[in-house]
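Accompanying notes for the structure given below.
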Amino acid sequence: MKLWNKEDNLNLKIEKFTVGKDRFYDLFIAKYDIKATIAHAKMLHSIKVLTHSELDKIISELNLINNDIKIGKFIIEDNYEDVHSKIESILVKKLGIIGKKIHTGRSRNDQVLVATQLYLKNEIHQIKLLTISLFNTLINLAEKNKHLLLPGYTHLQVAMPSSFGLWFSSYAETLIDDVLYLNTAFKINDQNPLGSAAGYGSSFKIDRDFTTKELGFNELKYNVISSQMNRGKVEKSIAIAIGSLASTLSKFSADICFFMAQELNFISFPEDITTGSSIMPHKKNPDVFELIRGKCNIIQSLISEFNAISINLTSGYHRDLQLYKGKVIESIVDIKNCLEILNYSIKKIKIRKNILEDEKYKYIYSVENLNELVNNGYSFRDAYLKISDDIKNDNYVPKKDINHTLKGSIGNLCLKEIKLKMKKVLT
């Protein structure tokens, strides 16, 4: 069944190509289409299009469909184009002419968009919860390991002393910026497009304020063309947000893989977290973190794909926009899985102590030696040259008694301030 088809004469090859995988992906938004349809029905009742009895019958049938969705019984057969046609078909079969009234004052364009935005709002909320959980794990690990020193690297060369507390909390604070992106994506999606129809409104006396309140949107997307131009833009907003989050998770996973290298051996994980080799008995591979890194790198490319799809589209709906659906759903599933598995795995980390006692790290304290000379009256440039000469002439003796008080440094992690910062972002 096609909502737009007047005769059953569509070329099956064309139908297969144009529908694509929509039936599968529509299962993700099915319950949100039900929610939006109930709100639309209530609005139609408020403007006298539906009687009270008709409204009750429609809501009752929609709730039955929703129950099937919840328990996994709801399917979209090949003779239906999408979830919207399947749901409307059920209503018509069960209720006859009453079911045919549900599409009054509504286009499939705003029907798709409102269901998509409700889905994205919920997913953004779920992603935020998973991000907060990872944030709390990292803060706890930072507090627990704040005194364990770690080499800091620039250009993959040993640079200055760091600590596991500084490392863990650096990613915790970076997650706050990612939550800010998620907040912005949520706000963009929190505008009701329902009633914009195909992008040019309707002569029906639709009460758009009613559905805005009923669906829990913060406000109305007023201009009907602007509402439809949000198709693609709402997906882009979350692509940017989860792309930022994916960047954080990818870099963290890359650090973990680097720190697990046998030449470094800074950290390790139990055997149930790592994988072995089919030929080399000694191997403990960081496959889980490599896959997180890879999946998150793919997620970061999502916004580029979306920009490529929409780069030359005029205002108004174009079928190109259908291509966003599967990509954004798959990326949301992946980012949630990555957050969950990373949070689970990192709790099992094992940290090697006394790493900086290794002779190869003795020059890591050179800046501390330099600072001591400056505090004793040397100019910075002269102090730099002296320490450089000491290293060249093998006269260098590392100054290991570090006393950092700088805010955000290894001696002053500011964990309370970072937690307060996250709290402010969430309120």
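Within each chain, counting starts at residue 1; across the structure tokens, chains are named A, B, ... in the order shown, with ligands numbered 1 upward in that order.
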Which of range 204-294 of chain A DSSP labels strand (DSSP E or B), written as a PyMOL selection string: chain A and resi 219-220+267-268+275+285
Distance query Lys400 in chain A at most 12 Å, only C-alpha atoms, self and fewer than 2 positions along chain excluded, as a short mmCIF file (atom, residue, chain, number, x, y, z; two decimals) with C-alpha atoms, in the first residue's frame:
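The file below, around-v7.cif, is the result:
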data_model
loop_
_atom_site.label_atom_id
_atom_site.label_comp_id
_atom_site.auth_asym_id
_atom_site.auth_seq_id
_atom_site.Cartn_x
_atom_site.Cartn_y
_atom_site.Cartn_z
CA LEU A 149 52.67 9.20 37.13
CA MET A 160 56.77 15.90 30.36
CA PRO A 161 55.41 14.09 33.40
CA LEU A 356 58.77 6.86 35.40
CA GLU A 357 61.45 5.00 37.37
CA TYR A 361 62.29 8.51 31.16
CA LYS A 362 64.95 10.43 33.08
CA TYR A 363 64.89 13.37 30.66
CA ILE A 364 61.17 13.80 31.18
CA TYR A 365 62.00 16.00 34.18
CA SER A 366 64.12 18.46 32.18
CA VAL A 367 61.52 21.22 32.41
CA GLU A 368 61.51 20.84 36.22
CA ASN A 369 65.29 21.34 36.24
CA GLU A 372 64.44 25.44 39.26
CA VAL A 397 70.52 14.83 37.03
CA PRO A 398 66.68 14.71 36.96
CA ILE A 402 57.51 17.67 41.36
CA ASN A 403 55.21 20.17 43.07
CA HIS A 404 52.58 21.35 40.60
#
Test item, helix (DSSP H, G or I) assignment across range 168-385 of chain A, answer as a compact mmCIF listing (two decimals) with N, CA and C atoms, in the first residue's frame:
# COMPACT_ATOMS: atom_id res chain seq x y z
N PHE A 168 42.80 10.50 32.76
CA PHE A 168 41.38 10.16 32.88
C PHE A 168 40.51 11.41 32.92
N SER A 169 40.92 12.39 33.73
CA SER A 169 40.08 13.58 33.88
C SER A 169 40.09 14.46 32.63
N SER A 170 41.13 14.34 31.80
CA SER A 170 41.14 15.11 30.55
C SER A 170 40.00 14.66 29.64
N TYR A 171 39.77 13.38 29.59
CA TYR A 171 38.67 12.87 28.76
C TYR A 171 37.32 13.13 29.43
N ALA A 172 37.30 13.12 30.75
CA ALA A 172 36.06 13.45 31.45
C ALA A 172 35.62 14.87 31.11
N GLU A 173 36.56 15.82 31.18
CA GLU A 173 36.19 17.21 30.89
C GLU A 173 35.86 17.41 29.41
N THR A 174 36.53 16.68 28.54
CA THR A 174 36.22 16.78 27.12
C THR A 174 34.80 16.31 26.83
N LEU A 175 34.32 15.33 27.58
CA LEU A 175 32.94 14.86 27.41
C LEU A 175 31.92 15.96 27.70
N ILE A 176 32.29 16.92 28.53
CA ILE A 176 31.39 18.04 28.82
C ILE A 176 31.12 18.84 27.55
N ASP A 177 32.16 19.07 26.76
CA ASP A 177 31.98 19.77 25.48
C ASP A 177 31.08 18.97 24.54
N ASP A 178 31.23 17.64 24.59
CA ASP A 178 30.39 16.79 23.75
C ASP A 178 28.92 16.87 24.17
N VAL A 179 28.69 16.98 25.47
CA VAL A 179 27.31 17.14 25.96
C VAL A 179 26.73 18.47 25.49
N LEU A 180 27.56 19.50 25.41
CA LEU A 180 27.09 20.79 24.89
C LEU A 180 26.60 20.65 23.45
N TYR A 181 27.33 19.89 22.64
CA TYR A 181 26.89 19.62 21.27
C TYR A 181 25.55 18.87 21.28
N LEU A 182 25.43 17.88 22.16
CA LEU A 182 24.18 17.12 22.26
C LEU A 182 23.02 18.01 22.68
N ASN A 183 23.30 18.93 23.60
CA ASN A 183 22.26 19.88 24.03
C ASN A 183 21.76 20.72 22.86
N THR A 184 22.69 21.16 22.04
CA THR A 184 22.31 21.98 20.88
C THR A 184 21.48 21.16 19.89
N ALA A 185 21.90 19.92 19.65
CA ALA A 185 21.14 19.05 18.75
C ALA A 185 19.74 18.82 19.28
N PHE A 186 19.62 18.67 20.58
CA PHE A 186 18.31 18.46 21.19
C PHE A 186 17.42 19.68 20.97
N LYS A 187 17.97 20.87 21.16
CA LYS A 187 17.19 22.10 20.98
C LYS A 187 16.71 22.24 19.54
N ILE A 188 17.55 21.90 18.59
CA ILE A 188 17.16 21.98 17.17
C ILE A 188 16.00 21.02 16.88
N ASN A 189 16.04 19.85 17.49
CA ASN A 189 14.99 18.85 17.28
C ASN A 189 13.75 19.12 18.12
N ARG A 208 -1.74 23.98 15.62
CA ARG A 208 -0.36 23.52 15.77
C ARG A 208 0.14 23.71 17.20
N ASP A 209 -0.42 24.67 17.91
CA ASP A 209 -0.05 24.85 19.31
C ASP A 209 -0.50 23.65 20.14
N PHE A 210 -1.65 23.08 19.78
CA PHE A 210 -2.17 21.91 20.49
C PHE A 210 -1.18 20.75 20.40
N THR A 211 -0.73 20.42 19.19
CA THR A 211 0.18 19.28 19.04
C THR A 211 1.56 19.57 19.61
N THR A 212 1.96 20.83 19.60
CA THR A 212 3.24 21.20 20.21
C THR A 212 3.25 20.85 21.69
N LYS A 213 2.17 21.20 22.37
CA LYS A 213 2.05 20.91 23.80
C LYS A 213 1.86 19.41 24.03
N GLU A 214 1.02 18.80 23.22
CA GLU A 214 0.69 17.38 23.40
C GLU A 214 1.92 16.49 23.22
N VAL A 224 6.26 27.17 7.68
CA VAL A 224 6.04 25.81 7.17
C VAL A 224 7.15 25.36 6.22
N ILE A 225 7.71 26.29 5.45
CA ILE A 225 8.83 25.92 4.58
C ILE A 225 10.06 25.62 5.43
N SER A 226 10.29 26.44 6.44
CA SER A 226 11.43 26.21 7.34
C SER A 226 11.30 24.86 8.03
N SER A 227 10.06 24.49 8.38
CA SER A 227 9.84 23.18 9.00
C SER A 227 10.34 22.06 8.11
N GLN A 228 10.00 22.13 6.83
CA GLN A 228 10.41 21.08 5.92
C GLN A 228 11.89 21.16 5.57
N MET A 229 12.44 22.37 5.59
CA MET A 229 13.89 22.49 5.36
C MET A 229 14.69 21.88 6.51
N LYS A 233 18.44 18.71 8.20
CA LYS A 233 19.15 19.55 9.17
C LYS A 233 19.08 18.94 10.57
N VAL A 234 17.93 18.36 10.94
CA VAL A 234 17.85 17.74 12.26
C VAL A 234 18.81 16.56 12.35
N GLU A 235 18.94 15.81 11.25
CA GLU A 235 19.89 14.71 11.24
C GLU A 235 21.32 15.22 11.27
N LYS A 236 21.57 16.33 10.59
CA LYS A 236 22.92 16.92 10.62
C LYS A 236 23.29 17.36 12.03
N SER A 237 22.32 17.88 12.76
CA SER A 237 22.61 18.37 14.12
C SER A 237 23.13 17.24 15.00
N ILE A 238 22.51 16.08 14.90
CA ILE A 238 22.97 14.97 15.73
C ILE A 238 24.24 14.35 15.15
N ALA A 239 24.42 14.44 13.83
CA ALA A 239 25.66 13.95 13.23
C ALA A 239 26.86 14.74 13.75
N ILE A 240 26.69 16.05 13.88
CA ILE A 240 27.76 16.89 14.42
C ILE A 240 28.01 16.54 15.88
N ALA A 241 26.93 16.35 16.64
CA ALA A 241 27.06 16.08 18.07
C ALA A 241 27.73 14.73 18.34
N ILE A 242 27.23 13.69 17.69
CA ILE A 242 27.84 12.38 17.94
C ILE A 242 29.20 12.27 17.26
N GLY A 243 29.43 13.10 16.24
CA GLY A 243 30.77 13.15 15.64
C GLY A 243 31.79 13.69 16.62
N SER A 244 31.40 14.72 17.37
CA SER A 244 32.28 15.26 18.41
C SER A 244 32.54 14.23 19.50
N LEU A 245 31.48 13.57 19.92
CA LEU A 245 31.60 12.53 20.94
C LEU A 245 32.46 11.37 20.43
N ALA A 246 32.26 11.00 19.19
CA ALA A 246 33.05 9.91 18.59
C ALA A 246 34.52 10.27 18.53
N SER A 247 34.82 11.53 18.29
CA SER A 247 36.21 11.99 18.27
C SER A 247 36.87 11.76 19.62
N THR A 248 36.14 12.05 20.69
CA THR A 248 36.66 11.84 22.05
C THR A 248 36.91 10.36 22.31
N LEU A 249 35.93 9.53 21.97
CA LEU A 249 36.05 8.09 22.23
C LEU A 249 37.15 7.46 21.38
N SER A 250 37.28 7.93 20.15
CA SER A 250 38.31 7.40 19.25
C SER A 250 39.71 7.71 19.78
N LYS A 251 39.91 8.96 20.19
CA LYS A 251 41.23 9.35 20.71
C LYS A 251 41.57 8.60 22.00
N PHE A 252 40.57 8.46 22.86
CA PHE A 252 40.77 7.73 24.11
C PHE A 252 41.15 6.28 23.81
N SER A 253 40.45 5.67 22.87
CA SER A 253 40.75 4.28 22.50
C SER A 253 42.13 4.16 21.87
N ALA A 254 42.52 5.16 21.08
CA ALA A 254 43.86 5.16 20.48
C ALA A 254 44.93 5.24 21.57
N ASP A 255 44.69 6.07 22.58
CA ASP A 255 45.61 6.15 23.72
C ASP A 255 45.75 4.79 24.40
N ILE A 256 44.61 4.15 24.62
CA ILE A 256 44.62 2.85 25.29
C ILE A 256 45.45 1.84 24.49
N CYS A 257 45.23 1.79 23.19
CA CYS A 257 46.00 0.86 22.34
C CYS A 257 47.49 1.16 22.41
N PHE A 258 47.83 2.45 22.40
CA PHE A 258 49.23 2.87 22.49
C PHE A 258 49.83 2.47 23.83
N PHE A 259 49.12 2.74 24.91
CA PHE A 259 49.63 2.45 26.25
C PHE A 259 49.74 0.94 26.51
N ASP A 287 41.45 -5.57 20.73
CA ASP A 287 40.47 -5.52 19.64
C ASP A 287 39.28 -4.63 19.95
N VAL A 288 38.79 -4.71 21.18
CA VAL A 288 37.59 -3.94 21.53
C VAL A 288 37.83 -2.44 21.36
N PHE A 289 39.03 -1.99 21.75
CA PHE A 289 39.34 -0.56 21.64
C PHE A 289 39.66 -0.17 20.20
N GLU A 290 40.23 -1.10 19.45
CA GLU A 290 40.47 -0.83 18.03
C GLU A 290 39.15 -0.69 17.28
N LEU A 291 38.18 -1.51 17.63
CA LEU A 291 36.87 -1.43 16.98
C LEU A 291 36.12 -0.16 17.38
N ILE A 292 36.25 0.23 18.65
CA ILE A 292 35.65 1.50 19.07
C ILE A 292 36.27 2.64 18.27
N ARG A 293 37.59 2.61 18.15
CA ARG A 293 38.30 3.64 17.38
C ARG A 293 37.80 3.66 15.93
N GLY A 294 37.71 2.50 15.31
CA GLY A 294 37.27 2.42 13.92
C GLY A 294 35.84 2.85 13.73
N LYS A 295 34.94 2.37 14.57
CA LYS A 295 33.53 2.75 14.46
C LYS A 295 33.35 4.24 14.68
N CYS A 296 34.07 4.78 15.64
CA CYS A 296 33.95 6.21 15.93
C CYS A 296 34.54 7.07 14.82
N ASN A 297 35.55 6.57 14.15
CA ASN A 297 36.09 7.30 13.00
C ASN A 297 35.07 7.34 11.86
N ILE A 298 34.33 6.25 11.69
CA ILE A 298 33.27 6.22 10.68
C ILE A 298 32.17 7.22 11.04
N ILE A 299 31.80 7.25 12.32
CA ILE A 299 30.76 8.18 12.78
C ILE A 299 31.16 9.63 12.52
N GLN A 300 32.45 9.92 12.68
CA GLN A 300 32.92 11.29 12.44
C GLN A 300 32.75 11.71 10.98
N LEU A 302 30.17 11.01 9.19
CA LEU A 302 28.74 11.07 8.87
C LEU A 302 28.32 12.45 8.37
N ILE A 303 28.81 13.50 9.02
CA ILE A 303 28.40 14.85 8.63
C ILE A 303 28.86 15.16 7.21
N SER A 304 30.00 14.63 6.81
CA SER A 304 30.48 14.84 5.43
C SER A 304 29.54 14.17 4.43
N GLU A 305 29.07 12.97 4.76
CA GLU A 305 28.11 12.29 3.89
C GLU A 305 26.82 13.09 3.77
N PHE A 306 26.34 13.60 4.91
CA PHE A 306 25.09 14.36 4.91
C PHE A 306 25.23 15.65 4.09
N ASN A 307 26.36 16.32 4.25
CA ASN A 307 26.59 17.54 3.48
C ASN A 307 26.63 17.24 1.98
N ALA A 308 27.22 16.12 1.64
CA ALA A 308 27.30 15.74 0.22
C ALA A 308 25.92 15.47 -0.37
N ILE A 309 25.04 14.86 0.43
CA ILE A 309 23.69 14.54 -0.04
C ILE A 309 22.89 15.81 -0.31
N SER A 310 23.04 16.82 0.54
CA SER A 310 22.15 17.99 0.49
C SER A 310 22.77 19.22 -0.15
N ARG A 319 13.58 13.50 -2.61
CA ARG A 319 13.71 12.11 -2.15
C ARG A 319 15.14 11.78 -1.70
N ASP A 320 16.10 12.60 -2.10
CA ASP A 320 17.48 12.41 -1.63
C ASP A 320 17.53 12.31 -0.10
N LEU A 321 16.63 13.06 0.55
CA LEU A 321 16.66 13.16 2.01
C LEU A 321 16.35 11.83 2.69
N GLN A 322 15.74 10.91 1.96
CA GLN A 322 15.48 9.57 2.50
C GLN A 322 16.79 8.89 2.89
N LEU A 323 17.87 9.24 2.23
CA LEU A 323 19.16 8.57 2.45
C LEU A 323 19.75 8.88 3.82
N TYR A 324 19.23 9.90 4.49
CA TYR A 324 19.72 10.22 5.83
C TYR A 324 19.32 9.16 6.86
N LYS A 325 18.13 8.61 6.67
CA LYS A 325 17.49 7.82 7.72
C LYS A 325 18.36 6.67 8.22
N GLY A 326 18.74 5.78 7.31
CA GLY A 326 19.51 4.61 7.71
C GLY A 326 20.86 4.97 8.30
N LYS A 327 21.50 5.97 7.72
CA LYS A 327 22.83 6.36 8.18
C LYS A 327 22.80 6.91 9.60
N VAL A 328 21.79 7.74 9.90
CA VAL A 328 21.74 8.33 11.23
C VAL A 328 21.34 7.28 12.27
N ILE A 329 20.43 6.38 11.90
CA ILE A 329 20.02 5.33 12.84
C ILE A 329 21.19 4.40 13.16
N GLU A 330 21.91 3.96 12.14
CA GLU A 330 23.05 3.07 12.36
C GLU A 330 24.15 3.74 13.18
N SER A 331 24.37 5.02 12.95
CA SER A 331 25.40 5.74 13.71
C SER A 331 25.00 5.92 15.16
N ILE A 332 23.71 6.14 15.40
CA ILE A 332 23.23 6.25 16.78
C ILE A 332 23.40 4.92 17.51
N VAL A 333 23.04 3.84 16.85
CA VAL A 333 23.23 2.51 17.45
C VAL A 333 24.71 2.28 17.77
N ASP A 334 25.59 2.64 16.86
CA ASP A 334 27.03 2.43 17.05
C ASP A 334 27.59 3.28 18.19
N ILE A 335 27.21 4.55 18.25
CA ILE A 335 27.78 5.41 19.30
C ILE A 335 27.31 4.96 20.68
N LYS A 336 26.07 4.49 20.77
CA LYS A 336 25.57 3.98 22.05
C LYS A 336 26.31 2.71 22.46
N ASN A 337 26.53 1.83 21.50
CA ASN A 337 27.28 0.60 21.79
C ASN A 337 28.72 0.92 22.21
N CYS A 338 29.33 1.88 21.54
CA CYS A 338 30.71 2.26 21.87
C CYS A 338 30.80 2.85 23.27
N LEU A 339 29.86 3.71 23.62
CA LEU A 339 29.83 4.29 24.96
C LEU A 339 29.67 3.21 26.02
N GLU A 340 28.77 2.29 25.76
CA GLU A 340 28.48 1.25 26.74
C GLU A 340 29.66 0.31 26.93
N ILE A 341 30.26 -0.15 25.84
CA ILE A 341 31.34 -1.12 25.95
C ILE A 341 32.62 -0.47 26.47
N LEU A 342 32.84 0.80 26.14
CA LEU A 342 34.02 1.49 26.65
C LEU A 342 33.90 1.69 28.15
N ASN A 343 32.72 2.09 28.60
CA ASN A 343 32.49 2.29 30.03
C ASN A 343 32.66 0.97 30.79
N TYR A 344 32.17 -0.11 30.21
CA TYR A 344 32.30 -1.43 30.83
C TYR A 344 33.76 -1.86 30.90
N SER A 345 34.49 -1.68 29.83
CA SER A 345 35.86 -2.19 29.73
C SER A 345 36.84 -1.39 30.57
N ILE A 346 36.71 -0.06 30.55
CA ILE A 346 37.71 0.79 31.20
C ILE A 346 37.71 0.60 32.72
N ILE A 355 56.16 3.77 36.68
CA ILE A 355 56.56 3.78 35.26
C ILE A 355 57.75 4.70 35.02
N LEU A 356 57.73 5.87 35.66
CA LEU A 356 58.77 6.86 35.40
C LEU A 356 60.11 6.53 36.05
N GLU A 357 60.17 5.43 36.79
CA GLU A 357 61.45 5.00 37.37
C GLU A 357 62.37 4.39 36.31
N GLU A 359 64.84 4.11 33.36
CA GLU A 359 65.93 5.01 32.98
C GLU A 359 65.61 5.82 31.72
N LYS A 360 64.84 5.24 30.81
CA LYS A 360 64.56 5.93 29.55
C LYS A 360 63.70 7.18 29.73
N TYR A 361 63.13 7.34 30.92
CA TYR A 361 62.29 8.51 31.16
C TYR A 361 62.98 9.59 31.99
N LYS A 362 64.30 9.48 32.18
CA LYS A 362 64.95 10.43 33.08
C LYS A 362 64.92 11.86 32.54
N TYR A 363 64.90 12.02 31.22
CA TYR A 363 64.89 13.37 30.66
C TYR A 363 63.51 14.02 30.69
N ILE A 364 62.53 13.27 31.12
CA ILE A 364 61.17 13.80 31.18
C ILE A 364 61.05 14.92 32.21
N TYR A 365 62.03 14.98 33.13
CA TYR A 365 62.00 16.00 34.18
C TYR A 365 62.77 17.25 33.79
N SER A 366 63.24 17.36 32.56
CA SER A 366 64.12 18.46 32.18
C SER A 366 63.49 19.83 32.41
N VAL A 367 62.19 19.94 32.20
CA VAL A 367 61.52 21.22 32.41
C VAL A 367 61.52 21.59 33.90
N GLU A 368 61.44 20.57 34.77
CA GLU A 368 61.51 20.84 36.22
C GLU A 368 62.88 21.39 36.59
N ASN A 369 63.94 20.81 36.00
CA ASN A 369 65.29 21.34 36.24
C ASN A 369 65.42 22.77 35.73
N LEU A 370 64.86 23.01 34.56
CA LEU A 370 64.89 24.35 33.97
C LEU A 370 64.18 25.35 34.87
N ASN A 371 63.00 24.97 35.36
CA ASN A 371 62.22 25.88 36.21
C ASN A 371 62.96 26.19 37.51
N GLU A 372 63.68 25.21 38.04
CA GLU A 372 64.44 25.44 39.26
C GLU A 372 65.52 26.49 39.03
N LEU A 373 66.20 26.44 37.89
CA LEU A 373 67.21 27.45 37.57
C LEU A 373 66.58 28.83 37.43
N VAL A 374 65.43 28.91 36.79
CA VAL A 374 64.73 30.19 36.63
C VAL A 374 64.38 30.76 38.00
N ASN A 375 63.90 29.88 38.89
CA ASN A 375 63.54 30.33 40.25
C ASN A 375 64.77 30.79 41.03
N PHE A 380 65.12 32.55 31.40
CA PHE A 380 64.60 31.30 30.83
C PHE A 380 65.52 30.78 29.72
N ARG A 381 65.99 31.67 28.83
CA ARG A 381 66.83 31.23 27.71
C ARG A 381 68.15 30.64 28.18
N ASP A 382 68.77 31.27 29.19
CA ASP A 382 70.04 30.75 29.71
C ASP A 382 69.82 29.40 30.40
N ALA A 383 68.73 29.31 31.14
CA ALA A 383 68.42 28.05 31.83
C ALA A 383 68.20 26.92 30.81
N TYR A 384 67.49 27.26 29.74
CA TYR A 384 67.22 26.27 28.68
C TYR A 384 68.53 25.75 28.07
N LEU A 385 69.46 26.67 27.79
CA LEU A 385 70.73 26.29 27.19
C LEU A 385 71.57 25.44 28.14
Could you pull the residues within 9 Å of range 23-40 of chain A, counting only C-alpha atoms, minus those fewer than 3 positions along the same chain, as a ChimeraX atom specification? /A:19-20,43-45,55,58-59,62-63,65-66,69-70,74-78,80-84,87,102-103,106,111-112,114-119,194-195,210-212,214-215,325-326,329-330
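Those residues that approach Asn218 in chain A to within 8 Å, counting only C-alpha atoms, are A:Asp190, A:Gln191, A:Asn192, A:Thr212; same-chain residues fewer than 6 positions away are not listed.
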Only N, CA and C atoms, please: the residues just picked out, written as a short mmCIF file (atom, residue, chain, number, x, y, z; two decimals), in the first residue's frame.
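That gives us result11.cif:
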data_model
loop_
_atom_site.label_atom_id
_atom_site.label_comp_id
_atom_site.auth_asym_id
_atom_site.auth_seq_id
_atom_site.Cartn_x
_atom_site.Cartn_y
_atom_site.Cartn_z
N ASP A 190 13.84 20.02 19.07
CA ASP A 190 12.74 20.27 20.01
C ASP A 190 11.79 21.35 19.50
N GLN A 191 11.54 21.36 18.18
CA GLN A 191 10.63 22.31 17.55
C GLN A 191 9.61 21.53 16.72
N ASN A 192 8.35 21.73 16.98
CA ASN A 192 7.30 20.93 16.36
C ASN A 192 7.07 21.29 14.89
N THR A 212 1.96 20.83 19.60
CA THR A 212 3.24 21.20 20.21
C THR A 212 3.25 20.85 21.69
#
Distance CA of Tyr222 in chain A-CA of Tyr317 in chain A, one decimal place?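 Value for the CA of Tyr222 in chain A-CA of Tyr317 in chain A distance: 17.2 Å.
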